[in-house]
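What follows is the content of structure.cif, which has mmCIF, C-alpha atoms:
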data_target
loop_
_atom_site.label_atom_id
_atom_site.label_comp_id
_atom_site.auth_asym_id
_atom_site.auth_seq_id
_atom_site.Cartn_x
_atom_site.Cartn_y
_atom_site.Cartn_z
CA MET L 264 7.47 -33.92 -6.88
CA ASN L 265 5.73 -33.53 -10.16
CA PRO L 266 5.19 -30.06 -11.53
CA HIS L 267 1.54 -29.29 -11.85
CA TYR L 268 0.58 -27.67 -15.10
CA CYS L 269 -2.67 -26.04 -15.79
CA CYS L 270 -2.63 -24.72 -19.31
CA LEU L 271 -5.81 -23.08 -20.31
CA SER L 272 -7.11 -21.78 -23.53
CA ARG L 273 -5.30 -18.77 -24.85
CA ASN L 274 -8.39 -17.23 -26.33
CA PHE L 275 -8.61 -14.12 -24.25
CA SER L 276 -11.37 -12.45 -26.13
CA ALA L 277 -13.72 -14.35 -23.84
CA ALA L 278 -13.77 -13.88 -20.10
CA LEU L 279 -10.73 -15.08 -18.25
CA PRO L 280 -10.79 -18.66 -17.02
CA PRO L 281 -10.92 -19.13 -13.29
CA LEU L 282 -7.75 -19.03 -11.23
CA LEU L 283 -6.52 -22.29 -9.87
CA PRO L 284 -7.45 -22.12 -6.20
CA VAL L 285 -4.88 -22.93 -3.57
CA GLN L 286 -5.05 -23.71 0.12
CA LEU L 287 -3.89 -21.03 2.46
CA PRO L 288 -0.40 -21.61 3.77
CA SER L 289 -0.33 -23.23 7.18
CA ARG L 290 1.16 -21.25 10.05
CA MET L 291 4.53 -22.75 9.35
CA GLU L 292 4.57 -22.33 5.59
CA THR L 293 5.70 -19.65 3.20
CA HIS L 294 4.36 -19.46 -0.32
CA LEU L 295 6.44 -17.84 -3.01
CA TRP L 296 4.80 -16.94 -6.31
CA TYR L 297 6.58 -15.41 -9.25
CA VAL L 298 6.07 -14.24 -12.81
CA VAL L 299 8.73 -13.86 -15.48
CA PRO L 300 7.69 -10.79 -17.49
CA ASP L 301 9.51 -11.95 -20.63
CA GLU L 302 7.25 -15.00 -20.71
CA VAL L 303 4.10 -12.90 -20.75
CA LYS L 304 3.86 -11.73 -24.31
CA SER L 305 0.19 -11.67 -25.15
CA ALA L 306 -1.13 -8.15 -25.51
CA PRO L 307 -4.76 -9.27 -25.04
CA LEU L 308 -3.75 -11.04 -21.83
CA LEU L 309 -2.02 -7.93 -20.53
CA SER L 310 -5.18 -5.93 -21.33
CA LYS L 311 -7.18 -8.40 -19.30
CA TYR L 312 -4.79 -7.97 -16.43
CA MET L 313 -5.25 -4.22 -16.67
CA GLU L 314 -8.98 -4.71 -16.39
CA LEU L 315 -8.51 -6.37 -13.01
CA LEU L 316 -7.14 -3.19 -11.53
CA PRO L 317 -9.12 -0.29 -10.08
CA GLN L 318 -8.65 2.99 -11.87
CA TYR L 319 -6.10 4.40 -9.45
CA GLU L 320 -3.88 1.33 -9.88
CA ARG L 321 -4.18 1.55 -13.66
CA ASP L 322 -3.14 5.17 -13.48
CA HIS L 323 -0.21 4.18 -11.33
CA VAL L 324 0.88 1.55 -13.84
CA LEU L 325 0.55 3.96 -16.75
CA GLY L 326 2.60 6.51 -14.85
CA PHE L 327 5.71 4.41 -15.40
CA ARG L 328 7.93 5.49 -18.26
CA GLY L 329 7.96 3.02 -21.11
CA ASP L 330 6.47 -0.36 -21.92
CA GLN L 331 8.84 -2.52 -19.94
CA LEU L 332 8.39 -0.62 -16.69
CA GLN L 333 4.63 -0.48 -17.18
CA LYS L 334 4.55 -4.21 -17.84
CA SER L 335 6.39 -5.17 -14.67
CA ALA L 336 4.29 -2.72 -12.64
CA LEU L 337 1.15 -4.26 -14.15
CA LEU L 338 2.36 -7.78 -13.44
CA ALA L 339 3.18 -6.86 -9.84
CA ARG L 340 -0.38 -5.67 -9.21
CA THR L 341 -1.80 -8.63 -11.12
CA LEU L 342 0.33 -11.10 -9.19
CA VAL L 343 -0.64 -9.81 -5.79
CA ARG L 344 -4.35 -9.63 -6.61
CA THR L 345 -4.60 -12.99 -8.31
CA THR L 346 -2.43 -14.71 -5.69
CA ILE L 347 -4.53 -13.52 -2.77
CA ALA L 348 -7.73 -14.29 -4.69
CA ARG L 349 -6.62 -17.91 -5.09
CA TYR L 350 -6.81 -18.47 -1.37
CA GLN L 351 -10.54 -17.88 -1.61
CA VAL L 352 -10.82 -16.17 1.70
CA ASP L 353 -14.47 -15.59 2.36
CA ASP L 354 -15.40 -16.37 -1.23
CA HIS L 355 -13.24 -13.58 -2.54
CA LEU L 356 -12.74 -15.27 -5.82
CA ASP L 357 -12.50 -12.08 -7.81
CA PRO L 358 -9.10 -10.41 -7.85
CA ARG L 359 -10.86 -7.21 -8.83
CA SER L 360 -12.69 -6.94 -5.57
CA LEU L 361 -9.64 -6.90 -3.33
CA ARG L 362 -8.88 -3.66 -1.63
CA PHE L 363 -5.53 -2.62 -0.31
CA LYS L 364 -4.44 -0.04 2.19
CA ARG L 365 -1.19 1.02 3.76
CA ASN L 366 -0.33 0.77 7.43
CA ILE L 367 0.83 3.90 9.23
CA HIS L 368 4.35 3.28 8.00
CA GLY L 369 3.32 2.82 4.41
CA LYS L 370 3.44 -0.97 4.18
CA PRO L 371 0.72 -2.34 1.91
CA GLU L 372 -1.90 -4.63 3.47
CA VAL L 373 -5.17 -6.19 2.40
CA GLU L 374 -8.19 -4.25 3.51
CA TRP L 375 -10.70 -6.97 4.21
CA GLU L 376 -14.39 -6.18 4.16
CA THR L 377 -15.85 -5.80 7.59
CA LYS L 378 -18.79 -8.13 7.63
CA ASP L 379 -20.69 -9.79 10.43
CA GLY L 380 -19.25 -13.13 11.29
CA PHE L 381 -16.26 -12.64 9.03
CA CYS L 382 -12.95 -12.82 10.75
CA PRO L 383 -10.21 -11.79 8.34
CA PRO L 384 -7.37 -14.27 8.11
CA PRO L 385 -3.97 -13.07 9.28
CA LEU L 386 -2.67 -13.24 5.71
CA GLN L 387 0.63 -11.48 5.23
CA PHE L 388 2.22 -10.71 1.90
CA ASN L 389 5.04 -8.75 0.36
CA ILE L 390 5.97 -8.04 -3.25
CA SER L 391 9.21 -7.27 -4.99
CA HIS L 392 9.97 -6.77 -8.63
CA THR L 393 12.66 -6.01 -11.14
CA SER L 394 12.12 -5.72 -14.87
CA SER L 395 12.90 -9.41 -15.22
CA LEU L 396 11.08 -10.93 -12.25
CA VAL L 397 7.98 -10.18 -10.19
CA ALA L 398 7.57 -12.08 -6.92
CA CYS L 399 5.07 -12.27 -4.09
CA GLY L 400 5.54 -14.02 -0.75
CA VAL L 401 2.57 -15.07 1.38
CA THR L 402 2.31 -16.38 4.94
CA MET L 403 -0.33 -16.82 7.53
CA ASN L 404 0.45 -14.60 10.46
CA SER L 405 4.18 -14.24 10.02
CA LEU L 406 5.40 -10.80 8.96
CA ILE L 407 7.23 -11.21 5.68
CA GLY L 408 9.56 -9.16 3.54
CA ILE L 409 10.96 -10.25 0.21
CA ASP L 410 13.41 -8.74 -2.20
CA VAL L 411 14.48 -9.94 -5.62
CA GLU L 412 17.43 -8.86 -7.70
CA GLU L 413 19.28 -10.01 -10.78
CA LYS L 414 22.45 -11.82 -9.85
CA ARG L 415 24.44 -9.77 -12.30
CA ARG L 416 23.11 -6.40 -11.14
CA ARG L 417 25.94 -3.91 -11.03
CA THR L 418 26.13 -0.81 -8.92
CA LYS L 419 27.25 2.40 -10.61
CA ASN L 420 29.30 3.26 -7.55
CA ASN L 421 32.25 1.27 -6.32
CA ILE L 422 30.93 -1.49 -4.04
CA LEU L 423 33.21 -0.76 -1.10
CA ALA L 424 32.57 2.99 -1.28
CA PHE L 425 28.85 2.24 -1.29
CA ALA L 426 29.13 -0.25 1.55
CA LYS L 427 31.23 2.12 3.64
CA ARG L 428 28.58 4.75 3.25
CA TYR L 429 25.51 2.60 3.86
CA PHE L 430 26.38 -0.75 5.44
CA THR L 431 27.91 -1.63 8.80
CA ALA L 432 31.62 -2.05 9.48
CA HIS L 433 31.28 -5.81 9.78
CA GLU L 434 29.60 -6.02 6.39
CA VAL L 435 32.25 -3.83 4.79
CA GLU L 436 34.89 -6.10 6.26
CA HIS L 437 33.10 -9.15 4.91
CA LEU L 438 32.94 -7.67 1.39
CA ASN L 439 36.46 -6.33 1.53
CA ALA L 440 37.76 -9.80 2.30
CA ILE L 441 36.52 -11.16 -1.04
CA PRO L 442 39.35 -10.98 -3.55
CA ASP L 443 37.40 -11.83 -6.68
CA SER L 444 35.46 -8.81 -7.91
CA GLU L 445 32.74 -10.90 -9.54
CA LEU L 446 32.12 -12.79 -6.29
CA GLN L 447 32.29 -9.57 -4.35
CA GLN L 448 29.59 -8.12 -6.60
CA GLN L 449 27.38 -11.15 -6.02
CA GLU L 450 27.93 -11.05 -2.26
CA PHE L 451 27.00 -7.40 -2.28
CA ILE L 452 23.75 -8.13 -4.09
CA LYS L 453 22.97 -10.94 -1.66
CA LEU L 454 23.57 -8.64 1.29
CA TRP L 455 21.49 -5.93 -0.27
CA THR L 456 18.50 -8.20 -0.87
CA LEU L 457 18.71 -9.63 2.66
CA LYS L 458 18.83 -6.16 4.19
CA GLU L 459 15.94 -4.99 2.03
CA ALA L 460 13.89 -8.06 2.95
CA TYR L 461 14.48 -7.41 6.66
CA VAL L 462 13.39 -3.78 6.48
CA LYS L 463 10.35 -4.71 4.38
CA ALA L 464 9.39 -7.40 6.88
CA LEU L 465 9.61 -4.89 9.71
CA GLY L 466 7.25 -2.76 7.67
CA LYS L 467 8.21 0.50 9.32
CA GLY L 468 9.90 2.18 6.41
CA PHE L 469 13.57 2.54 5.67
CA SER L 470 14.17 5.52 7.88
CA SER L 471 13.26 3.52 11.00
CA SER L 472 15.99 0.98 10.24
CA PRO L 473 18.76 2.63 8.29
CA PHE L 474 20.97 0.04 6.68
CA ASN L 475 23.94 0.89 8.84
CA THR L 476 22.07 0.16 12.07
CA PHE L 477 21.92 -3.59 11.56
CA THR L 478 24.31 -6.25 10.34
CA ILE L 479 23.34 -9.33 8.38
CA ARG L 480 25.61 -12.18 9.29
CA ALA L 481 25.59 -14.99 6.78
CA SER L 482 28.37 -17.35 7.77
CA SER L 483 26.55 -20.35 9.18
CA GLY L 484 22.91 -19.65 8.60
CA ILE L 485 21.71 -16.09 8.24
CA ALA L 486 20.95 -13.81 11.16
CA VAL L 487 20.44 -10.15 11.80
CA GLU L 488 22.20 -8.27 14.56
CA THR L 489 21.01 -4.80 15.44
CA LEU L 490 23.65 -2.37 16.59
CA ASP L 491 21.75 -1.29 19.64
CA SER L 492 21.72 -4.80 21.06
CA PRO L 493 24.79 -6.48 19.64
CA GLN L 494 24.90 -9.15 22.28
CA ASN L 495 21.57 -10.59 21.30
CA LEU L 496 21.41 -11.84 17.79
CA THR L 497 17.88 -10.80 17.08
CA ASN L 498 16.16 -14.11 17.15
CA ASN L 499 12.80 -12.83 16.06
CA TRP L 500 13.67 -13.00 12.40
CA GLN L 501 14.71 -15.78 10.12
CA PHE L 502 15.97 -15.62 6.58
CA ALA L 503 16.11 -17.57 3.39
CA LEU L 504 18.25 -16.77 0.39
CA LEU L 505 17.33 -18.48 -2.87
CA GLU L 506 18.78 -18.54 -6.33
CA LEU L 507 15.90 -18.54 -8.80
CA MET L 508 16.30 -19.89 -12.33
CA GLY L 509 20.04 -19.40 -12.00
CA SER L 510 19.54 -15.71 -12.67
CA HIS L 511 18.07 -14.05 -9.60
CA TYR L 512 18.53 -13.85 -5.87
CA VAL L 513 15.42 -13.89 -3.74
CA ALA L 514 15.76 -12.94 -0.09
CA ILE L 515 12.95 -13.76 2.31
CA CYS L 516 12.72 -12.49 5.88
CA LEU L 517 10.11 -13.93 8.21
CA GLU L 518 9.00 -13.26 11.70
CA ARG L 519 9.82 -16.36 13.67
CA GLN L 520 6.69 -18.13 14.82
CA GLU L 521 7.86 -21.19 16.65
CA THR L 522 11.10 -22.71 17.67
CA GLY L 523 12.13 -26.29 18.03
CA GLY L 524 13.54 -27.60 21.29
CA ALA L 525 15.89 -25.30 23.22
CA GLY L 526 14.96 -22.25 21.17
CA LYS L 527 16.40 -23.67 18.00
CA ALA L 528 14.82 -22.31 14.86
CA LEU L 529 12.81 -24.61 12.65
CA PRO L 530 13.56 -24.45 8.95
CA ILE L 531 11.40 -22.33 6.69
CA LYS L 532 8.88 -24.51 4.84
CA LEU L 533 8.74 -23.12 1.37
CA THR L 534 6.43 -23.77 -1.55
CA ALA L 535 7.40 -21.97 -4.74
CA ARG L 536 5.26 -21.60 -7.82
CA LYS L 537 5.91 -19.95 -11.13
CA THR L 538 2.78 -18.55 -12.68
CA ILE L 539 1.24 -16.73 -15.57
CA PRO L 540 -2.08 -15.86 -13.94
CA PHE L 541 -5.04 -17.52 -15.67
CA VAL L 542 -2.72 -19.35 -18.03
CA GLU L 543 -0.40 -21.65 -16.21
CA ASP L 544 0.91 -22.47 -12.77
CA GLU L 545 3.95 -24.58 -12.12
CA LEU L 546 5.11 -25.93 -8.80
CA VAL L 547 8.88 -25.43 -8.86
CA SER L 548 10.01 -25.92 -5.29
CA GLY L 549 12.32 -28.89 -5.04
CA THR L 550 13.48 -28.43 -8.64
CA ASN L 551 16.66 -26.74 -9.73
CA ALA L 552 14.69 -23.61 -10.54
CA VAL L 553 14.79 -22.79 -6.83
CA VAL L 554 18.10 -23.40 -5.08
CA THR L 555 18.53 -22.58 -1.41
CA ILE L 556 21.83 -20.77 -0.97
CA GLY L 557 21.37 -19.41 2.53
CA GLY L 558 19.27 -20.02 5.59
CA SER L 559 17.51 -23.15 6.68
CA VAL L 560 14.80 -24.07 4.20
CA THR L 561 12.84 -27.16 3.33
CA GLN L 562 11.09 -27.00 0.00
CA PHE L 563 7.73 -28.61 -0.62
CA MET M 108 26.26 7.46 10.12
CA ALA M 109 27.59 10.98 10.58
CA SER M 110 24.74 13.42 10.95
CA ILE M 111 26.82 16.47 10.34
CA THR M 112 25.56 18.35 7.35
CA ARG M 113 27.98 20.55 5.55
CA ALA M 114 28.10 24.03 6.94
CA SER M 115 27.28 27.16 5.02
CA VAL M 116 29.35 27.60 1.95
CA SER M 117 30.63 30.94 3.11
CA MET M 118 33.49 29.01 4.71
CA PRO M 119 36.38 28.93 2.30
CA SER M 120 37.61 25.53 3.41
CA LEU M 121 34.66 23.73 1.89
CA SER M 122 34.74 21.51 -1.12
CA THR M 123 35.00 23.25 -4.43
CA SER M 124 32.21 21.14 -5.82
CA VAL M 125 29.82 23.87 -4.76
CA ASN M 126 29.90 26.29 -7.60
CA GLN M 127 30.60 29.96 -7.51
CA SER M 128 27.07 31.18 -7.99
CA GLN M 129 25.69 28.97 -5.23
CA ARG M 130 28.32 30.28 -2.88
CA ARG M 131 27.26 33.80 -3.63
CA ILE M 132 23.57 33.11 -3.10
CA SER M 133 24.12 31.38 0.22
CA GLY M 134 26.45 34.11 1.39
CA MET M 135 23.50 36.46 1.46
CA ASN M 136 21.32 36.63 4.52
CA SER M 137 18.16 36.53 2.53
CA VAL M 138 17.28 34.88 -0.69
CA SER M 139 13.94 36.57 -0.98
CA PHE M 140 14.94 38.99 -3.67
CA PRO M 141 15.93 38.15 -7.18
CA VAL M 142 19.58 38.05 -8.03
CA SER M 143 20.23 40.20 -11.02
CA GLY M 144 22.52 39.24 -13.82
CA ARG M 145 22.10 35.52 -13.31
CA SER M 146 20.47 32.97 -15.50
CA MET M 147 18.87 30.93 -12.75
CA ILE M 148 15.40 31.27 -11.39
CA PRO M 149 15.40 33.27 -8.15
CA SER M 150 14.12 31.57 -5.03
CA LEU M 151 10.82 32.73 -3.62
CA ARG M 152 9.98 32.66 0.02
CA LEU M 153 6.60 33.78 1.31
CA GLN M 154 6.28 34.42 5.01
CA ARG M 155 2.69 33.51 5.63
CA GLY M 156 -0.15 31.62 4.11
CA LEU M 157 0.74 29.70 1.04
CA GLN M 158 4.31 28.69 1.55
CA VAL M 159 5.87 28.34 -1.83
CA CYS M 160 9.19 27.86 -0.25
CA CYS M 161 12.62 27.72 -1.69
CA ALA M 162 12.07 26.47 -5.22
CA ALA M 163 15.48 25.24 -6.21
CA LYS M 164 17.57 26.88 -8.85
CA GLN M 165 17.37 25.52 -12.34
CA GLU M 166 21.05 24.70 -12.19
CA THR M 167 20.54 22.41 -9.21
CA VAL M 168 17.62 20.73 -10.92
CA ASP M 169 19.74 20.20 -14.03
CA LYS M 170 22.50 18.57 -12.02
CA VAL M 171 20.03 16.28 -10.32
CA VAL M 172 18.59 15.36 -13.72
CA ALA M 173 22.07 14.52 -15.00
CA ILE M 174 22.78 12.27 -12.01
CA VAL M 175 19.43 10.52 -12.37
CA LYS M 176 19.91 9.94 -16.09
CA LYS M 177 23.34 8.50 -15.48
CA GLN M 178 22.18 6.17 -12.71
CA LEU M 179 19.22 4.90 -14.68
CA ALA M 180 21.14 4.81 -17.96
CA LEU M 181 18.58 7.00 -19.68
CA PRO M 182 19.42 8.56 -23.02
CA ALA M 183 20.64 12.14 -22.85
CA ASP M 184 17.53 13.35 -24.62
CA ALA M 185 15.12 11.57 -22.26
CA ALA M 186 12.48 13.98 -21.00
CA VAL M 187 13.30 14.36 -17.32
CA ASN M 188 12.35 17.47 -15.38
CA GLY M 189 11.52 18.60 -11.86
CA GLU M 190 8.26 16.72 -11.71
CA SER M 191 9.74 13.42 -12.82
CA LYS M 192 9.39 10.71 -10.21
CA PHE M 193 12.39 8.44 -9.72
CA ALA M 194 10.24 5.34 -9.45
CA ALA M 195 8.34 6.15 -12.64
CA LEU M 196 11.66 6.44 -14.46
CA GLY M 197 12.51 2.94 -13.31
CA ALA M 198 14.51 3.58 -10.16
CA ASP M 199 14.28 0.80 -7.62
CA SER M 200 15.50 1.19 -4.06
CA LEU M 201 19.12 0.45 -4.94
CA ASP M 202 19.01 3.06 -7.71
CA THR M 203 17.49 5.60 -5.34
CA VAL M 204 20.22 5.08 -2.77
CA GLU M 205 22.84 5.36 -5.50
CA ILE M 206 21.25 8.57 -6.74
CA VAL M 207 21.34 10.00 -3.22
CA MET M 208 24.98 8.96 -2.94
CA GLY M 209 25.67 10.72 -6.24
CA LEU M 210 23.95 13.85 -4.96
CA GLU M 211 25.99 13.74 -1.76
CA GLU M 212 29.19 13.63 -3.77
CA GLU M 213 28.15 16.26 -6.28
CA PHE M 214 26.94 18.78 -3.73
CA ASP M 215 29.15 17.81 -0.79
CA ILE M 216 26.22 17.16 1.55
CA THR M 217 25.10 14.34 3.81
CA VAL M 218 21.54 13.14 3.46
CA GLU M 219 19.84 11.47 6.41
CA GLU M 220 17.72 8.38 5.86
CA GLU M 221 14.56 10.27 6.77
CA SER M 222 15.24 12.88 4.13
CA ALA M 223 16.34 10.31 1.58
CA GLN M 224 13.14 8.37 2.02
CA SER M 225 10.99 11.41 1.38
CA ILE M 226 12.58 12.34 -1.93
CA THR M 227 10.51 10.94 -4.74
CA THR M 228 10.96 13.50 -7.51
CA VAL M 229 13.79 15.48 -9.06
CA GLN M 230 12.34 18.69 -7.66
CA GLU M 231 12.20 17.31 -4.13
CA ALA M 232 15.82 16.24 -4.41
CA ALA M 233 16.86 19.66 -5.67
CA ASP M 234 14.94 21.44 -2.91
CA MET M 235 16.49 19.23 -0.25
CA ILE M 236 19.96 19.84 -1.66
CA GLU M 237 19.50 23.57 -1.51
CA LYS M 238 18.32 23.39 2.09
CA LEU M 239 21.35 21.33 3.06
CA VAL M 240 23.77 23.49 1.12
CA GLU M 241 22.32 26.64 2.69
CA LYS M 242 22.92 25.50 6.24
#

Could you render the structure as structure tokens?
Amino acid sequence: MNPHYCCLSRNFSAALPPLLPVQLPSRMETHLWYVVPDEVKSAPLLSKYMELLPQYERDHVLGFRGDQLQKSALLARTLVRTTIARYQVDDHLDPRSLRFKRNIHGKPEVEWETKDGFCPPPLQFNISHTSSLVACGVTMNSLIGIDVEEKRRRTKNNILAFAKRYFTAHEVEHLNAIPDSELQQQEFIKLWTLKEAYVKALGKGFSSSPFNTFTIRASSGIAVETLDSPQNLTNNWQFALLELMGSHYVAICLERQETGGAGKALPIKLTARKTIPFVEDELVSGTNAVVTIGGSVTQF
Amino acid sequence: MASITRASVSMPSLSTSVNQSQRRISGMNSVSFPVSGRSMIPSLRLQRGLQVCCAAKQETVDKVVAIVKKQLALPADAAVNGESKFAALGADSLDTVEIVMGLEEEFDITVEEESAQSITTVQEAADMIEKLVEK
């Protein structure tokens, strides 16, 4: 698969060039878009991004302490607006015009215009960011949660003490069984991102699914088991765990849409693109920038 | 998770992490009058109307600030006060949970998920701590 580059003029004193449009994901597909903040260095470009945001989002971005935090907050808003705009739903070409709202549990959603004859698409999205990576997952219809984290993220607290306090007994056991502290740290981060992704996919807030009320099992494939129904591995949700650029874990949790024969889950069809909105887009799925390390995934 | 919050600090068997002055405040039946001879800001509690309830002591706020600075690796002279929002300081969800864990250890309390989710600022954390410590 050849990467697709679209490098446009870097003269940002003029209006921004159009975004490369993209087809909506099919019902079976998941799109992953990400930005690497360190690669976005142009101050004029960042100003242009700021101009895409409504005032209250600009205020929110500026409320972060320091340039780096403001930059990743800005890129998160920019990524979600430009990504959704690319799908050109109902001629919504302008990322500025998108409106967002929160569901009753606080999960962000697109607020589509109510117009005669316009049936909003069941577009689902979720964002996650650290200072070094901003990511957005998009599906049609399938609830999605994503979480990203640096592989080498370290907790201040001792991992087992933290896990005993917040994770389930099975997960503590799993971590405890890892003799190498470096590997244990990485396993912890993987578990954390998977648990975050699950709760974000559910979209009901963290208090409705405290981390110690469900176990993520990641031996063969990844599955979630809720404590109140331990006999049934909750088959509604499927997971992918990716290693991005060798430096980050990305956990994706999706509501299962269809199964193959005999209730067997079909793999997640993933398309991953790295982007600097209005500057360049690169299809990276199937390259070694995106390595599947858990879950059943086919990359396109 | 255990939902038992630590009982009132008037019980001598409790952890010594609760400091002397807090113990004395909580030992009183009412905190609606100022405590003389102390350096911390007295709590105010209005019965009706505008409920400016239970503003936490400066000492509690300072301890929360210290824990937040440590978790987020902020310099000691970073301007962090009651109004500071964790997220604005750069705390992601893992940081926030670690901060809550640090507060639990420092103040010998247990924080439920519902409460933890609603804390977004230093002041809110301090107020919640005081409520839990008072019980």

Which residues fall under the PyMOL selection byres ((chain L) within 8 of (chain M)) in this file, as a list of chain:residue names?
L:Gly326, L:Phe327, L:Arg328, L:Leu332, L:Thr393, L:Thr418, L:Lys419, L:Asn420, L:Phe425, L:Arg428, L:Tyr429, L:Phe469, L:Ser470, L:Pro473, L:Asn475

Can I get the selection written as a PDB file, keeping the file's coordinate frame, with C-alpha atoms?
ATOM      1  CA  GLY L 326       2.600   6.510 -14.850  1.00  0.00           C
ATOM      2  CA  PHE L 327       5.710   4.410 -15.400  1.00  0.00           C
ATOM      3  CA  ARG L 328       7.930   5.490 -18.260  1.00  0.00           C
ATOM      4  CA  LEU L 332       8.390  -0.620 -16.690  1.00  0.00           C
ATOM      5  CA  THR L 393      12.660  -6.010 -11.140  1.00  0.00           C
ATOM      6  CA  THR L 418      26.130  -0.810  -8.920  1.00  0.00           C
ATOM      7  CA  LYS L 419      27.250   2.400 -10.610  1.00  0.00           C
ATOM      8  CA  ASN L 420      29.300   3.260  -7.550  1.00  0.00           C
ATOM      9  CA  PHE L 425      28.850   2.240  -1.290  1.00  0.00           C
ATOM     10  CA  ARG L 428      28.580   4.750   3.250  1.00  0.00           C
ATOM     11  CA  TYR L 429      25.510   2.600   3.860  1.00  0.00           C
ATOM     12  CA  PHE L 469      13.570   2.540   5.670  1.00  0.00           C
ATOM     13  CA  SER L 470      14.170   5.520   7.880  1.00  0.00           C
ATOM     14  CA  PRO L 473      18.760   2.630   8.290  1.00  0.00           C
ATOM     15  CA  ASN L 475      23.940   0.890   8.840  1.00  0.00           C
TER      16      ASN L 475
END

Name the residues in contact with Glu292 in chain L at a cut-off of 9 Å, using all atoms listed in the file, excluding same-chain residues fewer than 5 positions from it; report them as a PyMOL selection string.
chain L and resi 401-403+531-534

Which residues match the PyMOL selection byres ((chain L and resi 509) around 12) in the file above, as a list in words?
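Against this file, the PyMOL selection byres ((chain L and resi 509) around 12) returns the residues Glu412, Glu413, Lys414, Arg415, Leu505, Glu506, Leu507, Met508, Ser510, His511, Tyr512, Val513, Thr550, Asn551, Ala552, Val553, Val554, Thr555 and Ile556 of chain L.
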
With C-alpha atoms retained, could you export that selection as a PDB file, in the frame of the given file?
ATOM      1  CA  GLU L 412      17.430  -8.860  -7.700  1.00  0.00           C
ATOM      2  CA  GLU L 413      19.280 -10.010 -10.780  1.00  0.00           C
ATOM      3  CA  LYS L 414      22.450 -11.820  -9.850  1.00  0.00           C
ATOM      4  CA  ARG L 415      24.440  -9.770 -12.300  1.00  0.00           C
ATOM      5  CA  LEU L 505      17.330 -18.480  -2.870  1.00  0.00           C
ATOM      6  CA  GLU L 506      18.780 -18.540  -6.330  1.00  0.00           C
ATOM      7  CA  LEU L 507      15.900 -18.540  -8.800  1.00  0.00           C
ATOM      8  CA  MET L 508      16.300 -19.890 -12.330  1.00  0.00           C
ATOM      9  CA  SER L 510      19.540 -15.710 -12.670  1.00  0.00           C
ATOM     10  CA  HIS L 511      18.070 -14.050  -9.600  1.00  0.00           C
ATOM     11  CA  TYR L 512      18.530 -13.850  -5.870  1.00  0.00           C
ATOM     12  CA  VAL L 513      15.420 -13.890  -3.740  1.00  0.00           C
ATOM     13  CA  THR L 550      13.480 -28.430  -8.640  1.00  0.00           C
ATOM     14  CA  ASN L 551      16.660 -26.740  -9.730  1.00  0.00           C
ATOM     15  CA  ALA L 552      14.690 -23.610 -10.540  1.00  0.00           C
ATOM     16  CA  VAL L 553      14.790 -22.790  -6.830  1.00  0.00           C
ATOM     17  CA  VAL L 554      18.100 -23.400  -5.080  1.00  0.00           C
ATOM     18  CA  THR L 555      18.530 -22.580  -1.410  1.00  0.00           C
ATOM     19  CA  ILE L 556      21.830 -20.770  -0.970  1.00  0.00           C
TER      20      ILE L 556
END

My list of candidates is M:Lys242, M:Thr217, M:Glu211, M:Glu166. Which is closest to Gly189 in chain M when distances are computed with all atoms listed in the file?
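Nearest to Gly189 in chain M: M:Glu166.
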
Just give me the gap between CA of Gln447 in chain L and CA of Leu423 in chain L in Å, one decimal is fine.
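Taking CA of Gln447 in chain L as the start and CA of Leu423 in chain L as the end point, the length is 9.4 Å.
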
Please, what distance in Å, to one decimal, runs between CA of Ile226 in chain M and CA of Val207 in chain M?
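CA of Val207 in chain M lies at a distance of 9.2 Å from CA of Ile226 in chain M.
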
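Here CA of Ser483 in chain L and CA of Lys453 in chain L stand 14.8 Å from one another.
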
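Using only C-alpha atoms, the nearest neighbour of Leu210 in chain M within the list M:Ala232, M:Ala163, M:Leu181, M:Ala186 is M:Ala232.
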
Convert the output of the PyMOL selection byres ((chain L and resi 303) around 10) on the shown file into explicit residues, formatted as a VMD selection string.
chain L and resid 298 to 302 304 to 306 308 to 309 334 338 538 to 540 542

May I have the residues within 8 Å of Ala339 in chain L as a count of residues only, using only C-alpha atoms and disregarding those fewer than 5 positions away in the same chain?
5
